[in-house]
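For reference, the structure discussed in these notes is given below.
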Amino acid sequence: MKAITRAIRPEQLREITLAALIVVVVLFFSSQIQGYFSGRTFNRVTASVAIIAVVAVGQTLVVLTRNIDLSVGSIVGFSAYFVGTQLANDNTLSPAFAIALAIGLGALMGAINGALVAYGRVPAIIVTLGTLAIYRTILVDMSGAKTVVVDALPQWLKDLPRTNLIQIGELDIRLMFGLAVFVVLVFQLVLVYLRFGRRLYAIGSNPEAARNAGLPTQRIVFSAFVLCGALAGLAGFMFLARFGTITVVAGQGMELQSVAAVVVGGVNIFGGSGSMIGAFLGATLIDLLEQSLIRWLRVSEFWRDALLGLLILLAVASDAVILNRLRRIWAQDGVSVQGKPVE
Amino acid sequence: MFHLPSALRRWETLLLAILAVVVLFNVTRSPFYLRIDNLVNVFELSIEKIIVALVMTFIIINGEIDLSVASVMGLAACVVARLHADGVAMPLAVLVALTVGLLCGAFNGFWIAYVGLPSLAVTLAGLIGYRGAARILLEDKSIGNFPEWFNALGQRPLVGPFPLALIVFFVMLIAAAIILQRTAFGRYVYVIGNNKEVARYAGIRVKQVKMRLFMASGLIAALAGVLLAARLGAVRGNTAEGFELDIITMVLLGGVSIFGGSGTLTGVALSILIILNLRNGMSLANITGNTQTGVIGALLILSVLVPNLVGRLRALRSRMRPATTGPTPQPAQEVEIS
Amino acid sequence: MIRLHKPIASLIVASLLLGACAAPVAAPQAPAAPAATEPPAAPAATQAPAAPSGEVVKAEPGKAVKMVLLPKFLGIAVFDQANQGAQEAHKELGNPEKLEFLGPTPENSVAGQIEIVTTAATQGVNAVMLSNNAGDQIVPAVKKAVEAGTKVVTWDSPIPSAEGESVFVAQVDFNETGKVMADMALSILGADGGKFAVLSASPDAANQNAWIAAMKEALKDPKYAKLELLDVVYGNDQSEESYKQALALVDKYPDMELIMAPTTVGIAAAAKAMTDEGLCDKVKVSGLGLPAEMVEYTKSGCAPEFALWSFVDLGYLTYYLTYLLATNQIEAKEGVKFKAGRMGEYTITKDPTREKGLRVLMGPFTVYNKDNVDK
């Protein structure tokens with residue numbers, strides 16, 4: 001036992017716990033739903049989780065610094081709508097331009113959040129609760145109640161959601177899912193290997209100490225918000241590609257979905273600990289639960305949310321309980337643990 | 001910390017100034033604003049939210065958050081409606097609904113206080129789960145036809161021009177102010193919000209205080225849900241959906257620090273007056289929809305940003321004239337403080 | 001830093017100054033002076049006697065009546081189309097007052113609609129045209145508005161109990177909607193019939209619930225004996241959820257051949273999901289959709305047939321009726337006939353789909369297919 005606990009880091013353990021939970025869920029529903037244990041379920045979940053996973057990566061960057069971004073849903077909607085309108089007006093715009101536009105728009109909105117939080121010293125929840133409403137208001141005013149319709153979009157965009165990166169037997173790895181995984185991995189590497197990444201943890205674990213140690217905390221928090229916005233912008237582009245028909249309500253509610261993914265993914269909401277892989281697994285677990293519950297004939301349509309809420313709570317609780325127990329073992333072993341223990 | 005720092009009092013002065021601007025704007029812009037029925041409407045249209053905002057103030061000062069309140073409101077309303085439709089006497093139905101709310105709060109509180117999970121995670125699950133429970137009860141139905149006395153409680157004035165809910169709010173406001181500012185429990189709420197470890201070493205039963213707060217939150221949210229059912233005269237599964245962010249906005253604009261430990265009910269009361277009057281004024285000026293929420297969002301940001309900047313300007317000026325000591329920028333809202 | 005915030009800072013100083021000046025007025029519970037306002041303006045045409053029933057009333061233009069068009073929420077194409085129609089009628093009738101188009105946000109629709117109805121009554125608005133999204137929860141607010149002298153006419157979505165409402169302008173007959181959906185299912189699945197499922201908006205959507213109920217009723221007709229309804233699921237009028245639900249239906253019911261979505265969000269999301277997953281040959285999509293949003297899928301054969309009505313006409317007709325009612329040129333009574341400009345004659349009748357309540361039936365459906373979808 002000791003050998004095992006010494007060999008892995010707490011973050012990895014979180015990820016393993018989540019992966020195990022996912023396996024349990026898959027096994028359980030395999031026994032309940034006919035044809036569930038197949039490539040099809042994999043394809044459904046991966047195609048569906050891609051967008052929220054990208055948003056959750058951005059959210060994680062911000063949450064690691066002991067902040068939160070509630071405006072991501074509005075950024076996703078804004079970016080999807082704005083880029084969609086441009087592409088509908090001019091079908092010849094290049095994919096690279098469209099993606100750059102989406103990311104740029106998102107980064108701009110993230111920069112506004114970041115500037116207010118880092119330099120204006122306004123708490124993140126206040127800033128982003130405000131911009132959640134403001135960005136959406138600008139979108140509604142700008143749109144004139146027009147809808148982006150699929151028919152007007154360029155063919156390459158319509159084809160994007162069904163484009164496979166690779167196909168292994170029954171399993172389709174969609175391009176969009178590939179993109180999401182790529183984003184997750186890149187930012188995981190950033191967290192582990194780049195100075196920027198480690199500084200995010202440092203600020204989140206103890207902002208005071210980080211500042212005293214001479215870290216440019218304001219610049220780092222600002223950058224985290226810019227990146228979060230940029231990723232939400234990218235997610236907006238993916239949203240446009242997947243749904244095609246874009247109204248002013250696009251992306252609504254994604255703020256809480258992304259926070260849920262992050263929290264279930266074991267990212268400490270008080271900053272300082274967590275990983276991209278964790279957030280990704282959190283998003284996957286929630287989507288898997290949703291997808292399974294709507295296919296489970298035994299429960300009626302109306303039971304879905306109640307069960308989902310309960311399962312999310314259980315996921316968070318089991319993660320915390322297991323981790324707490326192991327922390328004690330680690331403490332005895334003298335292994336340093338990142339992040340504050342829970343209670 | 002129990003003697004309010006002057007910075008905080010300045011915060012309330014700022015809110016008072018904003019309120020004055022809003023009222024002035026409304027008075028000059030609309031001839032209907034000062035009519036008594038309109039002034040009652042200002043409160044009545046959001047009465048359930050502001051009742052819950054009072055208990056949310058305690059929770060946030062305590063350093064926690066409760067995202068599940070709107071779902072508990074909806075669930076309580078659905079319990080009343082379901083039981084009424086099944087022939088249960090109305091008073092009993094209300095009692096059951098309040099009990100359900102209390103249990104929801106206790107459930108939240110258990111995981112937060114005793115298991116030690118973050119309240120954001122627990123109540124986010126509650127937001128989804130309790131709404132789901134409401135859906136189970138009502139499915140795709142709408143239930144109304146409550147007894148006349150029940151509807152009257154929500155829709156007709158009880159004392160003078162004031163309906164029951166408004167009276168409940170004012171009574172609760174006074175009670176909350178006394179509990180928060182004058183009792184040991186109220187002090188504990190601040191101390192724990194400021195520093196949980198210190199509170200524990202000081203012998204405060206942190207877990208018990210948190211548990212009680214969440215139970216109170218559940219109970220009062222349920223009460224607000226029942227009052228909402230009476231005011232609307234009918235209940236559906238989505239009743240009160242999305243209220244949580246409005247409620248939290250009211251508390252934060254009131255100057256309560258999201259990191260716990262500071263804030264006053266006076267501030268929250270002023271913030272409620274600002275938001276309600278601003279909404280009403282905009283509605284009377286035919287400004288509706290997203291523009292309203294956008295303006296309130298901007299106000300929320302500016303209300304914190306402006307004092308910060310002013311404070312920093314002063315600090316800068318006093319640095320240039322080292323003889324005078326300038327007041328420090330408002331500490332409670334600094335981002336890095338946990 | 002400081003350079004960046006200078007304009008904001010000056011703005012703040014200005015507002016603080018303003019605030020300081022205004023401080024004495026800031027009593028939160030300002031005593032309510034009886035406001036010096038015009039009383040809830042009595043409609044200009046009280047003297048004009050309501051026409052005897054049987055006679056077709058032609059609107060006398062030029063009366064001043066304050067009217068509000070209140071959609072379920074702002075920012076959605078169909079409601080803007082209704083506003084276009086109402087504005088067209090407004091101009092035709094030469095009403096010197098402004099026609100306000102006010103609505104709540106989607107996430108705050110119920111509370112927002114109640115607030116707008118209440119405020120309209122306070123402002124002495126003569127008539128509110130309401131696409132009700134609050135079910136019977138709007139009733140107390142509407143009753144108070146009626147007491148204050150404001151007429152409430154509903155369109156698109158009625159008040160279920162009809163309390164407080166003058167007349168409902170029905171886009172189509174709700175029972176007819178059920179039959180049209182069954183007919184489309186039959187026409188897509190062919191004479192041999194087949195299995196299908198419904199993807200609806202939210203469980204609280206009164207219109208969708210009524211239409212689905214009507215369709216279930218219609219399916220009892222032996223004509224549709226070979227159609228089997230498998231399930232009703234809800235996508236909450238969100239693209240993401242509707243998309244997921246559509247695919248879940250495909251997985252749950254391998255022999256399902258059609259998804260019927262009586263909501264514009266649901267039908268577009270379902271068609272996109274079938275297209276993306278290459279399922280269009282196996283599962284077709286139908287229901288109520290906007291032609292502009294459905295062109296793509298109708299041409300590709302994924303959604304060969306769907307139906308809708310004109311929201312522009314609905315707004316136009318609603319305005320005419322409401323204008324006539326608000327100026328007392330007609331009464332909200334069974335059998336009253338009136339002329340609605342370019343749309344011709346209509347009659348107020350009992351609403352067969354609600355116990356109480358009157359309605360004006362616009363109709364008919366336009367069924368769209370590849371021949372007319374892009375016209």
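In the structure tokens, each chain is lettered A, B, ... as it comes, each chain's residues begin at 1, and ligands are numbered from 1 in order of appearance.
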Fill in: Neighbours of chain C in chain B at 6 Å, counting only C-alpha atoms, as a count of residues only
13
Worksheet item: chain A residues within 6 Å of chain C, counting only C-alpha atoms: which ones, as an NGL selection string?
Response: :A and (140 or 145-146 or 149 or 151 or 162 or 295)
Generate the output file for the selected residues, C-alpha atoms, as a tab-separated table (two decimals), in the first residue's frame.
chain	number	residue	atom	x	y	z
A	140	VAL	CA	-28.96	40.48	-28.17
A	145	ALA	CA	-33.20	38.95	-33.37
A	146	LYS	CA	-31.76	37.41	-36.51
A	149	VAL	CA	-29.04	29.55	-40.34
A	151	ASP	CA	-28.12	26.97	-45.12
A	162	ARG	CA	-18.92	14.63	-39.04
A	295	ARG	CA	-31.19	6.26	-22.65
Fill in: Non-local contacts of segment 149-164 of chain B (12 Å; only C-alpha atoms; under 5 positions in same chain excluded) as a ChimeraX atom specification
/B:35-45,47-48,80-81,84,89-91,93-94,144,169-171,223-235 /C:32,137-144
Using only N, CA and C atoms, please write the residues we just selected to a file, as a short mmCIF file (atom, residue, chain, number, x, y, z; two decimals), in the first residue's frame.
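See again_37.cif below for the written result:
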data_model
loop_
_atom_site.label_atom_id
_atom_site.label_comp_id
_atom_site.auth_asym_id
_atom_site.auth_seq_id
_atom_site.Cartn_x
_atom_site.Cartn_y
_atom_site.Cartn_z
N ARG B 35 -46.47 56.59 -7.51
CA ARG B 35 -47.81 56.11 -7.10
C ARG B 35 -47.67 54.96 -6.13
N ILE B 36 -48.53 54.95 -5.13
CA ILE B 36 -48.37 53.97 -4.05
C ILE B 36 -48.43 52.54 -4.58
N ASP B 37 -49.32 52.30 -5.55
CA ASP B 37 -49.42 50.93 -6.06
C ASP B 37 -48.14 50.54 -6.77
N ASN B 38 -47.51 51.50 -7.42
CA ASN B 38 -46.25 51.17 -8.07
C ASN B 38 -45.16 50.89 -7.05
N LEU B 39 -45.11 51.69 -6.00
CA LEU B 39 -44.08 51.47 -4.98
C LEU B 39 -44.25 50.11 -4.31
N VAL B 40 -45.50 49.70 -4.14
CA VAL B 40 -45.72 48.35 -3.60
C VAL B 40 -45.26 47.31 -4.62
N ASN B 41 -45.58 47.58 -5.88
CA ASN B 41 -45.16 46.64 -6.93
C ASN B 41 -43.65 46.48 -7.00
N VAL B 42 -42.94 47.59 -6.76
CA VAL B 42 -41.48 47.54 -6.79
C VAL B 42 -41.00 46.37 -5.93
N PHE B 43 -41.59 46.25 -4.74
CA PHE B 43 -41.19 45.16 -3.85
C PHE B 43 -41.86 43.85 -4.21
N GLU B 44 -43.14 43.93 -4.48
CA GLU B 44 -43.92 42.70 -4.60
C GLU B 44 -43.41 41.82 -5.75
N LEU B 45 -42.96 42.46 -6.84
CA LEU B 45 -42.56 41.68 -8.00
C LEU B 45 -41.30 40.85 -7.74
N ILE B 47 -40.39 40.00 -4.34
CA ILE B 47 -40.38 39.84 -2.89
C ILE B 47 -39.72 38.53 -2.45
N GLU B 48 -39.96 37.45 -3.20
CA GLU B 48 -39.42 36.16 -2.78
C GLU B 48 -37.89 36.17 -2.87
N VAL B 80 -46.22 21.89 -2.33
CA VAL B 80 -47.53 22.44 -1.97
C VAL B 80 -48.56 22.10 -3.04
N ALA B 81 -48.20 22.33 -4.29
CA ALA B 81 -49.15 22.12 -5.38
C ALA B 81 -49.54 20.65 -5.50
N HIS B 84 -51.72 19.64 -2.61
CA HIS B 84 -53.04 20.24 -2.76
C HIS B 84 -53.86 19.48 -3.80
N ALA B 89 -54.99 19.02 2.98
CA ALA B 89 -55.39 20.37 3.42
C ALA B 89 -54.21 21.32 3.25
N MET B 90 -54.53 22.54 2.86
CA MET B 90 -53.50 23.50 2.50
C MET B 90 -52.50 23.79 3.63
N PRO B 91 -52.96 24.03 4.86
CA PRO B 91 -51.97 24.32 5.91
C PRO B 91 -50.98 23.17 6.09
N ALA B 93 -50.12 21.04 3.78
CA ALA B 93 -49.26 21.03 2.60
C ALA B 93 -48.12 22.03 2.75
N VAL B 94 -48.48 23.20 3.28
CA VAL B 94 -47.45 24.23 3.48
C VAL B 94 -46.42 23.75 4.49
N GLY B 144 -52.91 24.62 -10.10
CA GLY B 144 -53.36 25.87 -9.49
C GLY B 144 -54.61 25.60 -8.68
N PHE B 169 -41.02 39.99 4.89
CA PHE B 169 -39.68 40.49 4.57
C PHE B 169 -39.20 41.47 5.62
N PHE B 170 -40.04 42.44 5.99
CA PHE B 170 -39.58 43.45 6.93
C PHE B 170 -39.33 42.86 8.32
N VAL B 171 -40.20 41.95 8.73
CA VAL B 171 -39.97 41.29 10.01
C VAL B 171 -38.65 40.54 9.98
N LEU B 223 -40.02 28.76 2.35
CA LEU B 223 -41.06 29.74 2.68
C LEU B 223 -41.27 30.69 1.50
N ALA B 224 -40.17 31.16 0.93
CA ALA B 224 -40.26 32.05 -0.22
C ALA B 224 -40.95 31.34 -1.39
N GLY B 225 -40.66 30.07 -1.55
CA GLY B 225 -41.30 29.30 -2.63
C GLY B 225 -42.80 29.21 -2.43
N VAL B 226 -43.23 28.99 -1.17
CA VAL B 226 -44.66 28.91 -0.89
C VAL B 226 -45.32 30.27 -1.15
N LEU B 227 -44.65 31.34 -0.72
CA LEU B 227 -45.19 32.67 -0.96
C LEU B 227 -45.30 32.95 -2.47
N LEU B 228 -44.32 32.47 -3.21
CA LEU B 228 -44.34 32.65 -4.67
C LEU B 228 -45.54 31.91 -5.26
N ALA B 229 -45.77 30.69 -4.77
CA ALA B 229 -46.91 29.92 -5.26
C ALA B 229 -48.21 30.68 -5.01
N ALA B 230 -48.30 31.31 -3.83
CA ALA B 230 -49.53 32.06 -3.50
C ALA B 230 -49.66 33.28 -4.39
N ARG B 231 -48.53 33.94 -4.66
CA ARG B 231 -48.61 35.16 -5.48
C ARG B 231 -48.98 34.83 -6.92
N LEU B 232 -48.45 33.72 -7.44
CA LEU B 232 -48.71 33.39 -8.84
C LEU B 232 -49.99 32.59 -9.02
N GLY B 233 -50.44 31.96 -7.93
CA GLY B 233 -51.70 31.23 -8.01
C GLY B 233 -51.62 29.93 -8.78
N ALA B 234 -50.45 29.58 -9.25
CA ALA B 234 -50.27 28.31 -9.97
C ALA B 234 -48.79 27.95 -9.91
N VAL B 235 -48.50 26.66 -10.05
CA VAL B 235 -47.11 26.20 -9.94
C VAL B 235 -46.78 25.30 -11.11
N ALA C 32 -45.97 58.56 -1.08
CA ALA C 32 -46.47 58.55 -2.43
C ALA C 32 -47.41 59.72 -2.66
N GLN C 137 -49.76 31.16 -14.25
CA GLN C 137 -49.06 32.01 -13.28
C GLN C 137 -49.20 33.49 -13.61
N ILE C 138 -49.59 33.79 -14.85
CA ILE C 138 -49.73 35.18 -15.23
C ILE C 138 -51.09 35.74 -14.78
N VAL C 139 -52.02 34.85 -14.41
CA VAL C 139 -53.40 35.28 -14.17
C VAL C 139 -53.55 36.42 -13.17
N PRO C 140 -52.92 36.32 -11.95
CA PRO C 140 -53.10 37.44 -11.01
C PRO C 140 -52.67 38.78 -11.60
N ALA C 141 -51.56 38.80 -12.30
CA ALA C 141 -51.08 40.05 -12.89
C ALA C 141 -52.04 40.55 -13.95
N VAL C 142 -52.54 39.63 -14.77
CA VAL C 142 -53.47 40.03 -15.83
C VAL C 142 -54.77 40.55 -15.25
N LYS C 143 -55.26 39.87 -14.20
CA LYS C 143 -56.51 40.34 -13.59
C LYS C 143 -56.36 41.75 -13.05
N LYS C 144 -55.21 42.00 -12.39
CA LYS C 144 -54.98 43.35 -11.86
C LYS C 144 -54.92 44.36 -12.99
#
Worksheet item: Got a sec to tell me which of segment 215-326 of chain A DSSP assigns to alpha helix (DSSP H), as a PyMOL selection string?
Response: chain A and resi 217-243+254-264+276-293+304-326
At a cut-off of 9 Å, can you tabulate as JSON lines every residue of chain B near chain A together with its closest atom pair and the distance in Å to one decimal, using only C-alpha atoms and ordering rows by chain then number?
{"residue": "B:Trp111", "atom": "CA", "partner": "A:Ala317", "partner_atom": "CA", "distance": 8.0}
{"residue": "B:Ala113", "atom": "CA", "partner": "A:Glu343", "partner_atom": "CA", "distance": 8.6}
{"residue": "B:Tyr114", "atom": "CA", "partner": "A:Glu343", "partner_atom": "CA", "distance": 8.6}
{"residue": "B:Val115", "atom": "CA", "partner": "A:Glu343", "partner_atom": "CA", "distance": 7.9}
{"residue": "B:Gly116", "atom": "CA", "partner": "A:Glu343", "partner_atom": "CA", "distance": 5.2}
{"residue": "B:Leu117", "atom": "CA", "partner": "A:Val342", "partner_atom": "CA", "distance": 6.9}
{"residue": "B:Pro118", "atom": "CA", "partner": "A:Ile269", "partner_atom": "CA", "distance": 7.3}
{"residue": "B:Leu120", "atom": "CA", "partner": "A:Ile269", "partner_atom": "CA", "distance": 7.8}
{"residue": "B:Ala121", "atom": "CA", "partner": "A:Val263", "partner_atom": "CA", "distance": 6.1}
{"residue": "B:Val122", "atom": "CA", "partner": "A:Leu313", "partner_atom": "CA", "distance": 6.1}
{"residue": "B:Thr123", "atom": "CA", "partner": "A:Leu313", "partner_atom": "CA", "distance": 8.8}
{"residue": "B:Leu124", "atom": "CA", "partner": "A:Ala260", "partner_atom": "CA", "distance": 7.1}
{"residue": "B:Ala125", "atom": "CA", "partner": "A:Gly309", "partner_atom": "CA", "distance": 4.5}
{"residue": "B:Gly126", "atom": "CA", "partner": "A:Gly309", "partner_atom": "CA", "distance": 6.1}
{"residue": "B:Leu127", "atom": "CA", "partner": "A:Gly309", "partner_atom": "CA", "distance": 7.5}
{"residue": "B:Ile128", "atom": "CA", "partner": "A:Gly309", "partner_atom": "CA", "distance": 4.9}
{"residue": "B:Gly129", "atom": "CA", "partner": "A:Gly309", "partner_atom": "CA", "distance": 3.9}
{"residue": "B:Tyr130", "atom": "CA", "partner": "A:Ala306", "partner_atom": "CA", "distance": 6.3}
{"residue": "B:Arg131", "atom": "CA", "partner": "A:Ala306", "partner_atom": "CA", "distance": 6.9}
{"residue": "B:Gly132", "atom": "CA", "partner": "A:Ala306", "partner_atom": "CA", "distance": 3.9}
{"residue": "B:Ala133", "atom": "CA", "partner": "A:Ala306", "partner_atom": "CA", "distance": 5.3}
{"residue": "B:Ala134", "atom": "CA", "partner": "A:Ala306", "partner_atom": "CA", "distance": 8.5}
{"residue": "B:Arg135", "atom": "CA", "partner": "A:Phe302", "partner_atom": "CA", "distance": 5.6}
{"residue": "B:Ile136", "atom": "CA", "partner": "A:Phe302", "partner_atom": "CA", "distance": 5.2}
{"residue": "B:Leu137", "atom": "CA", "partner": "A:Phe302", "partner_atom": "CA", "distance": 8.6}
{"residue": "B:Leu138", "atom": "CA", "partner": "A:Phe302", "partner_atom": "CA", "distance": 8.8}
{"residue": "B:Glu139", "atom": "CA", "partner": "A:Phe302", "partner_atom": "CA", "distance": 6.1}
{"residue": "B:Asp140", "atom": "CA", "partner": "A:Phe302", "partner_atom": "CA", "distance": 8.6}
{"residue": "B:Leu245", "atom": "CA", "partner": "A:Leu129", "partner_atom": "CA", "distance": 7.9}
{"residue": "B:Thr249", "atom": "CA", "partner": "A:Leu129", "partner_atom": "CA", "distance": 7.6}
{"residue": "B:Leu252", "atom": "CA", "partner": "A:Ile126", "partner_atom": "CA", "distance": 7.2}
{"residue": "B:Leu253", "atom": "CA", "partner": "A:Ile126", "partner_atom": "CA", "distance": 8.3}
{"residue": "B:Ser257", "atom": "CA", "partner": "A:Pro123", "partner_atom": "CA", "distance": 8.5}
{"residue": "B:Ile258", "atom": "CA", "partner": "A:Pro123", "partner_atom": "CA", "distance": 7.7}
{"residue": "B:Phe259", "atom": "CA", "partner": "A:Pro123", "partner_atom": "CA", "distance": 8.9}
{"residue": "B:Gly289", "atom": "CA", "partner": "A:Thr137", "partner_atom": "CA", "distance": 8.5}
{"residue": "B:Asn290", "atom": "CA", "partner": "A:Thr137", "partner_atom": "CA", "distance": 5.0}
{"residue": "B:Thr291", "atom": "CA", "partner": "A:Thr137", "partner_atom": "CA", "distance": 5.8}
{"residue": "B:Gln292", "atom": "CA", "partner": "A:Thr137", "partner_atom": "CA", "distance": 8.6}
{"residue": "B:Thr293", "atom": "CA", "partner": "A:Ala133", "partner_atom": "CA", "distance": 5.7}
{"residue": "B:Gly294", "atom": "CA", "partner": "A:Ile134", "partner_atom": "CA", "distance": 4.4}
{"residue": "B:Val295", "atom": "CA", "partner": "A:Ile134", "partner_atom": "CA", "distance": 7.5}
{"residue": "B:Ile296", "atom": "CA", "partner": "A:Gly130", "partner_atom": "CA", "distance": 7.4}
{"residue": "B:Gly297", "atom": "CA", "partner": "A:Gly130", "partner_atom": "CA", "distance": 3.7}
{"residue": "B:Ala298", "atom": "CA", "partner": "A:Gly130", "partner_atom": "CA", "distance": 5.8}
{"residue": "B:Leu299", "atom": "CA", "partner": "A:Gly130", "partner_atom": "CA", "distance": 8.0}
{"residue": "B:Leu300", "atom": "CA", "partner": "A:Gly130", "partner_atom": "CA", "distance": 6.3}
{"residue": "B:Ile301", "atom": "CA", "partner": "A:Val127", "partner_atom": "CA", "distance": 5.5}
{"residue": "B:Leu302", "atom": "CA", "partner": "A:Val122", "partner_atom": "CA", "distance": 8.9}
{"residue": "B:Val304", "atom": "CA", "partner": "A:Val122", "partner_atom": "CA", "distance": 6.0}
{"residue": "B:Leu305", "atom": "CA", "partner": "A:Gly120", "partner_atom": "CA", "distance": 5.8}
{"residue": "B:Val306", "atom": "CA", "partner": "A:Gly120", "partner_atom": "CA", "distance": 8.6}
{"residue": "B:Asn308", "atom": "CA", "partner": "A:Arg121", "partner_atom": "CA", "distance": 7.0}
{"residue": "B:Leu309", "atom": "CA", "partner": "A:Gly120", "partner_atom": "CA", "distance": 7.1}
{"residue": "B:Gln333", "atom": "CA", "partner": "A:Pro123", "partner_atom": "CA", "distance": 6.5}
{"residue": "B:Glu334", "atom": "CA", "partner": "A:Arg121", "partner_atom": "CA", "distance": 5.5}
{"residue": "B:Val335", "atom": "CA", "partner": "A:Pro123", "partner_atom": "CA", "distance": 4.9}
{"residue": "B:Glu336", "atom": "CA", "partner": "A:Pro207", "partner_atom": "CA", "distance": 5.8}
{"residue": "B:Ile337", "atom": "CA", "partner": "A:Pro207", "partner_atom": "CA", "distance": 7.6}
{"residue": "B:Ser338", "atom": "CA", "partner": "A:Pro207", "partner_atom": "CA", "distance": 8.3}
Take the residues that were just selected and, keeping C-alpha atoms, output them as an mmCIF file, in the first residue's frame.
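The file below, again_16.cif, is the result:
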data_model
loop_
_atom_site.group_PDB
_atom_site.id
_atom_site.type_symbol
_atom_site.label_atom_id
_atom_site.label_comp_id
_atom_site.auth_asym_id
_atom_site.auth_seq_id
_atom_site.Cartn_x
_atom_site.Cartn_y
_atom_site.Cartn_z
ATOM 1 C CA TRP B 111 -22.047 17.505 3.199
ATOM 2 C CA ALA B 113 -20.211 21.127 7.460
ATOM 3 C CA TYR B 114 -19.576 17.522 8.399
ATOM 4 C CA VAL B 115 -18.040 15.926 5.309
ATOM 5 C CA GLY B 116 -16.201 19.102 4.389
ATOM 6 C CA LEU B 117 -17.115 19.404 0.726
ATOM 7 C CA PRO B 118 -17.024 22.857 -0.851
ATOM 8 C CA LEU B 120 -20.208 25.537 -4.323
ATOM 9 C CA ALA B 121 -19.971 21.899 -5.399
ATOM 10 C CA VAL B 122 -22.664 20.615 -3.039
ATOM 11 C CA THR B 123 -25.196 23.307 -3.816
ATOM 12 C CA LEU B 124 -24.491 23.098 -7.548
ATOM 13 C CA ALA B 125 -25.513 19.455 -7.294
ATOM 14 C CA GLY B 126 -28.494 20.637 -5.239
ATOM 15 C CA LEU B 127 -29.415 23.153 -7.921
ATOM 16 C CA ILE B 128 -29.734 20.304 -10.412
ATOM 17 C CA GLY B 129 -31.079 17.683 -8.016
ATOM 18 C CA TYR B 130 -33.796 19.630 -6.184
ATOM 19 C CA ARG B 131 -35.045 21.022 -9.489
ATOM 20 C CA GLY B 132 -35.181 17.439 -10.661
ATOM 21 C CA ALA B 133 -37.239 16.484 -7.622
ATOM 22 C CA ALA B 134 -39.637 19.313 -8.438
ATOM 23 C CA ARG B 135 -39.943 17.917 -11.961
ATOM 24 C CA ILE B 136 -40.729 14.456 -10.612
ATOM 25 C CA LEU B 137 -43.603 15.891 -8.599
ATOM 26 C CA LEU B 138 -45.226 17.951 -11.319
ATOM 27 C CA GLU B 139 -43.939 16.420 -14.557
ATOM 28 C CA ASP B 140 -45.437 18.445 -17.397
ATOM 29 C CA LEU B 245 -27.892 34.545 -9.654
ATOM 30 C CA THR B 249 -26.095 39.730 -7.187
ATOM 31 C CA LEU B 252 -22.685 41.123 -3.541
ATOM 32 C CA LEU B 253 -23.763 44.595 -4.579
ATOM 33 C CA SER B 257 -17.326 39.956 0.473
ATOM 34 C CA ILE B 258 -17.567 36.754 -1.518
ATOM 35 C CA PHE B 259 -14.582 35.512 0.488
ATOM 36 C CA GLY B 289 -35.123 42.341 -21.457
ATOM 37 C CA ASN B 290 -31.380 41.954 -21.569
ATOM 38 C CA THR B 291 -30.708 45.661 -21.328
ATOM 39 C CA GLN B 292 -31.981 45.594 -17.742
ATOM 40 C CA THR B 293 -29.716 42.753 -16.708
ATOM 41 C CA GLY B 294 -26.824 44.364 -18.554
ATOM 42 C CA VAL B 295 -27.242 47.646 -16.703
ATOM 43 C CA ILE B 296 -27.396 45.860 -13.356
ATOM 44 C CA GLY B 297 -24.305 43.838 -14.299
ATOM 45 C CA ALA B 298 -22.431 47.014 -15.139
ATOM 46 C CA LEU B 299 -23.545 48.618 -11.898
ATOM 47 C CA LEU B 300 -22.304 45.607 -9.953
ATOM 48 C CA ILE B 301 -18.840 45.860 -11.472
ATOM 49 C CA LEU B 302 -18.605 49.641 -11.243
ATOM 50 C CA VAL B 304 -16.595 47.820 -6.643
ATOM 51 C CA LEU B 305 -14.253 49.126 -9.305
ATOM 52 C CA VAL B 306 -14.874 52.787 -8.642
ATOM 53 C CA ASN B 308 -11.002 50.742 -5.615
ATOM 54 C CA LEU B 309 -9.748 53.242 -8.150
ATOM 55 C CA GLN B 333 -13.206 43.598 -1.833
ATOM 56 C CA GLU B 334 -9.571 43.026 -2.701
ATOM 57 C CA VAL B 335 -9.259 40.054 -4.921
ATOM 58 C CA GLU B 336 -6.374 38.230 -3.366
ATOM 59 C CA ILE B 337 -7.727 38.086 0.143
ATOM 60 C CA SER B 338 -9.117 34.712 0.936
#
Discussion item. When DSSP is applied to the backbone of this structure, which of segment 162-314 of chain A are assigned strand (DSSP E)? Write them out as a ChimeraX atom specification.
Written reply: /A:164-168,171-174
Worksheet entry | Exercise: Met250 of chain B partners within 9 Å, only C-alpha atoms, chain neighbours under 5 positions left out, as a PyMOL selection string | chain B and resi 50+53+245+268-269+271-272+275+300
